file upload.txt (compact mmCIF, C-alpha atoms)
# COMPACT_ATOMS: atom_id res chain seq x y z
CA MET Q 1 0.00 0.00 0.00
CA ILE Q 2 1.17 3.53 -0.74
CA GLU Q 3 1.98 5.56 2.36
CA HIS Q 4 -0.20 8.70 2.69
CA PHE Q 5 -2.27 7.55 -0.28
CA THR Q 6 -5.27 9.76 0.50
CA ASP Q 7 -3.04 12.83 0.73
CA HIS Q 8 -1.37 12.05 -2.59
CA ALA Q 9 -4.75 11.39 -4.23
CA ALA Q 10 -6.08 14.73 -2.95
CA ASN Q 11 -2.94 16.46 -4.26
CA GLU Q 12 -3.45 14.88 -7.68
CA ARG Q 13 -7.15 15.85 -7.79
CA THR Q 14 -6.22 19.42 -6.95
CA PHE Q 15 -3.58 19.44 -9.69
CA LEU Q 16 -6.05 18.12 -12.25
CA ALA Q 17 -8.63 20.72 -11.22
CA TRP Q 18 -6.05 23.48 -11.81
CA VAL Q 19 -5.20 21.99 -15.21
CA ARG Q 20 -8.89 21.84 -16.23
CA THR Q 21 -9.39 25.44 -15.13
CA SER Q 22 -6.28 26.51 -17.05
CA ILE Q 23 -7.48 24.81 -20.22
CA ALA Q 24 -10.86 26.54 -19.88
CA ILE Q 25 -9.16 29.94 -19.45
CA MET Q 26 -6.96 29.32 -22.51
CA ALA Q 27 -10.02 28.27 -24.56
CA PHE Q 28 -11.85 31.42 -23.46
CA GLY Q 29 -8.78 33.45 -24.44
CA PHE Q 30 -8.88 31.90 -27.91
CA LEU Q 31 -12.58 32.76 -28.18
CA VAL Q 32 -11.98 36.37 -27.10
CA GLU Q 33 -9.06 36.69 -29.53
CA ARG Q 34 -11.27 35.49 -32.39
CA PHE Q 35 -14.21 37.70 -31.40
CA GLY Q 36 -12.66 40.66 -33.22
CA LEU Q 37 -12.61 38.65 -36.44
CA PHE Q 38 -16.29 37.81 -35.91
CA LEU Q 39 -17.12 41.50 -35.47
CA LYS Q 40 -15.27 42.40 -38.67
CA ILE Q 41 -17.10 39.73 -40.70
CA ALA Q 42 -20.47 40.68 -39.17
CA ALA Q 43 -19.89 44.36 -39.97
CA ARG Q 44 -19.11 43.55 -43.62
CA THR Q 45 -22.13 41.26 -43.89
CA LEU Q 46 -24.46 43.88 -42.44
CA GLY Q 47 -22.97 46.55 -44.68
CA SER Q 48 -21.72 48.78 -41.92
CA ALA Q 49 -18.18 49.98 -41.42
CA ALA Q 50 -15.84 47.72 -39.49
CA PRO Q 51 -15.14 48.70 -35.90
CA PRO Q 52 -11.90 50.61 -35.40
CA ALA Q 53 -8.66 48.66 -35.47
CA SER Q 54 -7.85 49.61 -31.89
CA GLY Q 55 -10.78 47.50 -30.68
CA PHE Q 56 -9.41 44.48 -32.48
CA THR Q 57 -6.00 45.11 -30.97
CA PHE Q 58 -7.48 45.15 -27.47
CA GLY Q 59 -9.51 42.00 -28.14
CA SER Q 60 -6.48 40.20 -29.51
CA LEU Q 61 -4.32 41.36 -26.62
CA SER Q 62 -6.94 40.28 -24.07
CA GLY Q 63 -7.22 36.86 -25.64
CA LEU Q 64 -3.47 36.42 -25.68
CA ILE Q 65 -3.22 37.50 -22.03
CA LEU Q 66 -5.82 34.88 -21.09
CA ILE Q 67 -3.94 32.20 -23.02
CA VAL Q 68 -0.66 33.13 -21.31
CA ALA Q 69 -2.42 33.22 -17.92
CA GLY Q 70 -3.65 29.69 -18.55
CA MET Q 71 -0.13 28.54 -19.38
CA ILE Q 72 1.24 30.21 -16.24
CA MET Q 73 -1.47 28.49 -14.18
CA ILE Q 74 -0.46 25.09 -15.56
CA GLY Q 75 3.20 25.76 -14.76
CA GLY Q 76 2.37 27.00 -11.27
CA SER Q 77 0.09 24.06 -10.56
CA ALA Q 78 2.75 21.59 -11.74
CA TYR Q 79 5.28 23.23 -9.42
CA ARG Q 80 2.84 23.07 -6.50
CA PHE Q 81 1.97 19.45 -7.26
CA VAL Q 82 5.60 18.35 -7.13
CA ARG Q 83 6.37 20.46 -4.04
CA THR Q 84 3.30 19.20 -2.18
CA SER Q 85 4.12 15.59 -3.12
CA ARG Q 86 7.56 15.97 -1.59
CA GLU Q 87 6.14 17.64 1.51
CA ILE Q 88 3.61 14.83 2.02
CA ASP Q 89 6.42 12.26 2.06
CA SER Q 90 8.72 14.40 4.18
CA PRO Q 91 8.78 13.73 7.94
CA ASN Q 92 9.24 17.46 8.64
CA ILE Q 93 6.36 19.76 9.45
CA HIS Q 94 5.78 22.35 6.72
CA LYS Q 95 4.07 25.69 6.82
CA ALA Q 96 1.11 26.10 4.47
CA PRO Q 97 2.08 27.94 1.27
CA GLY Q 98 1.07 31.57 0.89
CA ALA Q 99 -1.76 32.64 -1.35
CA ARG Q 100 0.07 35.49 -3.14
CA PHE Q 101 0.18 33.72 -6.50
CA ASP Q 102 -3.52 32.83 -6.29
CA MET Q 103 -4.52 36.37 -5.33
CA ALA Q 104 -2.36 37.94 -8.05
CA LEU Q 105 -3.84 35.66 -10.69
CA ALA Q 106 -7.40 36.25 -9.49
CA SER Q 107 -6.85 40.02 -9.43
CA MET Q 108 -5.44 39.96 -12.96
CA LEU Q 109 -8.43 37.97 -14.21
CA VAL Q 110 -10.91 40.34 -12.54
CA ILE Q 111 -9.20 43.38 -14.09
CA LEU Q 112 -9.13 41.68 -17.48
CA GLY Q 113 -12.81 40.74 -17.11
CA ILE Q 114 -13.77 44.35 -16.40
CA ALA Q 115 -11.73 45.49 -19.40
CA LEU Q 116 -13.48 42.90 -21.60
CA VAL Q 117 -16.91 44.14 -20.48
CA ILE Q 118 -15.91 47.68 -21.45
CA TYR Q 119 -14.49 46.44 -24.78
CA LEU Q 120 -17.63 44.46 -25.60
CA SER Q 121 -19.90 47.35 -24.66
CA HIS Q 122 -18.08 49.58 -27.16
CA ALA Q 123 -17.81 46.87 -29.84
CA LEU Q 124 -21.51 45.99 -29.67
CA GLY Q 125 -22.86 49.51 -29.78
CA GLY Q 126 -22.12 51.12 -26.45
CA ALA Q 127 -24.94 49.55 -24.44
CA VAL Q 128 -24.01 48.48 -20.92
call {"tool": "encode", "arguments": {"input": "upload.txt", "output": "structure tokens"}}
result
Amino acid sequence: MIEHFTDHAANERTFLAWVRTSIAIMAFGFLVERFGLFLKIAARTLGSAAPPASGFTFGSLSGLILIVAGMIMIGGSAYRFVRTSREIDSPNIHKAPGARFDMALASMLVILGIALVIYLSHALGGAV
């Protein structure tokens, strides 16, 4: 039997949850990045002028930031998984890790979400 099996299983479930969340954030980033292309095609189809290029730049940048954030989350979760695995097997008592990385990532995503709401309100006609 594996020593501390339940702890290792919980560590692995947490790691996989972080990976799933990261993949979802990267997929959302891809969707946001492609939204500008959708707006351009819709504007041509409806016969109106395309939205300004700066809007597309912001949409593309936002999407890329989300994709990079997802990649950073996967790297950070892999690091935590390995570190926690070692700490579970170690006979020493360890202090719980700080939440700075989690809070920084959450703050960045909230700020990006607010910026996306503003971007979409301007891209879709200014209604918010």
call {"tool": "closest_atom_pairs", "arguments": {"input": "upload.txt", "of": "stretch 90-121 of chain Q", "to": "stretch 22-37 of chain Q", "cutoff": "10 Å", "atoms": "all atoms listed in the file", "output": "CSV"}}
result
residue,atom,partner,partner_atom,distance
Q:Leu109,CA,Q:Ile25,CA,9.6
Q:Leu116,CA,Q:Val32,CA,8.7
Q:Leu120,CA,Q:Phe35,CA,9.5
call {"tool": "atom_distance", "arguments": {"input": "upload.txt", "atom1": "atom CA of Q:Ile74", "atom2": "atom CA of Q:Ser90"}}
result
24.3 Å
call {"tool": "atom_distance", "arguments": {"input": "upload.txt", "atom1": "atom CA of Q:Arg80", "atom2": "atom CA of Q:Arg13"}}
result
12.4 Å
call {"tool": "residues_around", "arguments": {"input": "upload.txt", "residues": "stretch 7-12 of chain Q", "least_positions_apart": "3", "cutoff": "12 Å", "atoms": "only C-alpha atoms", "output": "list of chain:residue names"}}
result
Q:Ile2, Q:Glu3, Q:His4, Q:Phe15, Q:Leu16, Q:Ala17, Q:Trp18, Q:Val19, Q:Ser77, Q:Ala78, Q:Tyr79, Q:Arg80, Q:Phe81, Q:Val82, Q:Arg83, Q:Thr84, Q:Ser85, Q:Arg86, Q:Glu87, Q:Ile88, Q:Asp89
call {"tool": "write_last_selection", "arguments": {"input": "upload.txt", "atoms": "C-alpha atoms", "output": "compact mmCIF listing (two decimals), in the coordinates of the input"}}
result
# COMPACT_ATOMS: atom_id res chain seq x y z
CA ILE Q 2 1.17 3.53 -0.74
CA GLU Q 3 1.98 5.56 2.36
CA HIS Q 4 -0.20 8.70 2.69
CA PHE Q 15 -3.58 19.44 -9.69
CA LEU Q 16 -6.05 18.12 -12.25
CA ALA Q 17 -8.63 20.72 -11.22
CA TRP Q 18 -6.05 23.48 -11.81
CA VAL Q 19 -5.20 21.99 -15.21
CA SER Q 77 0.09 24.06 -10.56
CA ALA Q 78 2.75 21.59 -11.74
CA TYR Q 79 5.28 23.23 -9.42
CA ARG Q 80 2.84 23.07 -6.50
CA PHE Q 81 1.97 19.45 -7.26
CA VAL Q 82 5.60 18.35 -7.13
CA ARG Q 83 6.37 20.46 -4.04
CA THR Q 84 3.30 19.20 -2.18
CA SER Q 85 4.12 15.59 -3.12
CA ARG Q 86 7.56 15.97 -1.59
CA GLU Q 87 6.14 17.64 1.51
CA ILE Q 88 3.61 14.83 2.02
CA ASP Q 89 6.42 12.26 2.06
call {"tool": "closest_residue", "arguments": {"input": "upload.txt", "among": "Q:His122, Q:Leu105, Q:Gly113, Q:Thr14", "to": "Q:Met71", "atoms": "only C-alpha atoms"}}
result
Q:Leu105
call {"tool": "residues_near_point", "arguments": {"input": "upload.txt", "point": "(-10.2, 46.5, -21.6)", "cutoff": "10 Å", "atoms": "only C-alpha atoms", "output": "PDB file with C-alpha atoms, in the coordinates of the input"}}
result
ATOM      1  CA  GLY Q  55     -10.780  47.500 -30.680  1.00  0.00           C
ATOM      2  CA  PHE Q  58      -7.480  45.150 -27.470  1.00  0.00           C
ATOM      3  CA  GLY Q  59      -9.510  42.000 -28.140  1.00  0.00           C
ATOM      4  CA  LEU Q  61      -4.320  41.360 -26.620  1.00  0.00           C
ATOM      5  CA  SER Q  62      -6.940  40.280 -24.070  1.00  0.00           C
ATOM      6  CA  ILE Q 111      -9.200  43.380 -14.090  1.00  0.00           C
ATOM      7  CA  LEU Q 112      -9.130  41.680 -17.480  1.00  0.00           C
ATOM      8  CA  GLY Q 113     -12.810  40.740 -17.110  1.00  0.00           C
ATOM      9  CA  ILE Q 114     -13.770  44.350 -16.400  1.00  0.00           C
ATOM     10  CA  ALA Q 115     -11.730  45.490 -19.400  1.00  0.00           C
ATOM     11  CA  LEU Q 116     -13.480  42.900 -21.600  1.00  0.00           C
ATOM     12  CA  VAL Q 117     -16.910  44.140 -20.480  1.00  0.00           C
ATOM     13  CA  ILE Q 118     -15.910  47.680 -21.450  1.00  0.00           C
ATOM     14  CA  TYR Q 119     -14.490  46.440 -24.780  1.00  0.00           C
ATOM     15  CA  LEU Q 120     -17.630  44.460 -25.600  1.00  0.00           C
TER      16      LEU Q 120
END
call {"tool": "atom_distance", "arguments": {"input": "upload.txt", "atom1": "atom CA of Q:Arg20", "atom2": "atom CA of Q:Ser60"}}
result
22.8 Å
call {"tool": "build_atoms", "arguments": {"input": "upload.txt", "residues": "stretch 17-31 of chain Q", "atoms": "N, CA and C atoms", "output": "PDB file, in the frame of the given file"}}
result
ATOM      1  N   ALA Q  17      -7.647  19.631 -11.205  1.00  0.00           N
ATOM      2  CA  ALA Q  17      -8.630  20.720 -11.220  1.00  0.00           C
ATOM      3  C   ALA Q  17      -7.994  22.014 -11.742  1.00  0.00           C
ATOM      4  N   TRP Q  18      -6.758  22.301 -11.309  1.00  0.00           N
ATOM      5  CA  TRP Q  18      -6.050  23.480 -11.810  1.00  0.00           C
ATOM      6  C   TRP Q  18      -5.812  23.367 -13.314  1.00  0.00           C
ATOM      7  N   VAL Q  19      -5.454  22.177 -13.784  1.00  0.00           N
ATOM      8  CA  VAL Q  19      -5.200  21.990 -15.210  1.00  0.00           C
ATOM      9  C   VAL Q  19      -6.493  22.193 -16.004  1.00  0.00           C
ATOM     10  N   ARG Q  20      -7.602  21.644 -15.534  1.00  0.00           N
ATOM     11  CA  ARG Q  20      -8.890  21.840 -16.230  1.00  0.00           C
ATOM     12  C   ARG Q  20      -9.261  23.320 -16.275  1.00  0.00           C
ATOM     13  N   THR Q  21      -9.084  24.010 -15.171  1.00  0.00           N
ATOM     14  CA  THR Q  21      -9.390  25.440 -15.130  1.00  0.00           C
ATOM     15  C   THR Q  21      -8.481  26.205 -16.102  1.00  0.00           C
ATOM     16  N   SER Q  22      -7.223  25.849 -16.145  1.00  0.00           N
ATOM     17  CA  SER Q  22      -6.280  26.510 -17.050  1.00  0.00           C
ATOM     18  C   SER Q  22      -6.662  26.301 -18.507  1.00  0.00           C
ATOM     19  N   ILE Q  23      -7.061  25.090 -18.848  1.00  0.00           N
ATOM     20  CA  ILE Q  23      -7.480  24.810 -20.220  1.00  0.00           C
ATOM     21  C   ILE Q  23      -8.720  25.628 -20.567  1.00  0.00           C
ATOM     22  N   ALA Q  24      -9.650  25.746 -19.633  1.00  0.00           N
ATOM     23  CA  ALA Q  24     -10.860  26.540 -19.880  1.00  0.00           C
ATOM     24  C   ALA Q  24     -10.502  28.017 -20.088  1.00  0.00           C
ATOM     25  N   ILE Q  25      -9.574  28.546 -19.301  1.00  0.00           N
ATOM     26  CA  ILE Q  25      -9.160  29.940 -19.450  1.00  0.00           C
ATOM     27  C   ILE Q  25      -8.467  30.150 -20.796  1.00  0.00           C
ATOM     28  N   MET Q  26      -7.634  29.190 -21.209  1.00  0.00           N
ATOM     29  CA  MET Q  26      -6.960  29.320 -22.510  1.00  0.00           C
ATOM     30  C   MET Q  26      -7.979  29.231 -23.650  1.00  0.00           C
ATOM     31  N   ALA Q  27      -8.979  28.360 -23.533  1.00  0.00           N
ATOM     32  CA  ALA Q  27     -10.020  28.270 -24.560  1.00  0.00           C
ATOM     33  C   ALA Q  27     -10.822  29.564 -24.630  1.00  0.00           C
ATOM     34  N   PHE Q  28     -11.134  30.139 -23.477  1.00  0.00           N
ATOM     35  CA  PHE Q  28     -11.850  31.420 -23.460  1.00  0.00           C
ATOM     36  C   PHE Q  28     -10.992  32.515 -24.086  1.00  0.00           C
ATOM     37  N   GLY Q  29      -9.693  32.479 -23.827  1.00  0.00           N
ATOM     38  CA  GLY Q  29      -8.780  33.450 -24.440  1.00  0.00           C
ATOM     39  C   GLY Q  29      -8.793  33.335 -25.957  1.00  0.00           C
ATOM     40  N   PHE Q  30      -8.810  32.115 -26.459  1.00  0.00           N
ATOM     41  CA  PHE Q  30      -8.880  31.900 -27.910  1.00  0.00           C
ATOM     42  C   PHE Q  30     -10.181  32.477 -28.455  1.00  0.00           C
ATOM     43  N   LEU Q  31     -11.276  32.240 -27.748  1.00  0.00           N
ATOM     44  CA  LEU Q  31     -12.580  32.760 -28.180  1.00  0.00           C
ATOM     45  C   LEU Q  31     -12.576  34.287 -28.197  1.00  0.00           C
TER      46      LEU Q  31
END
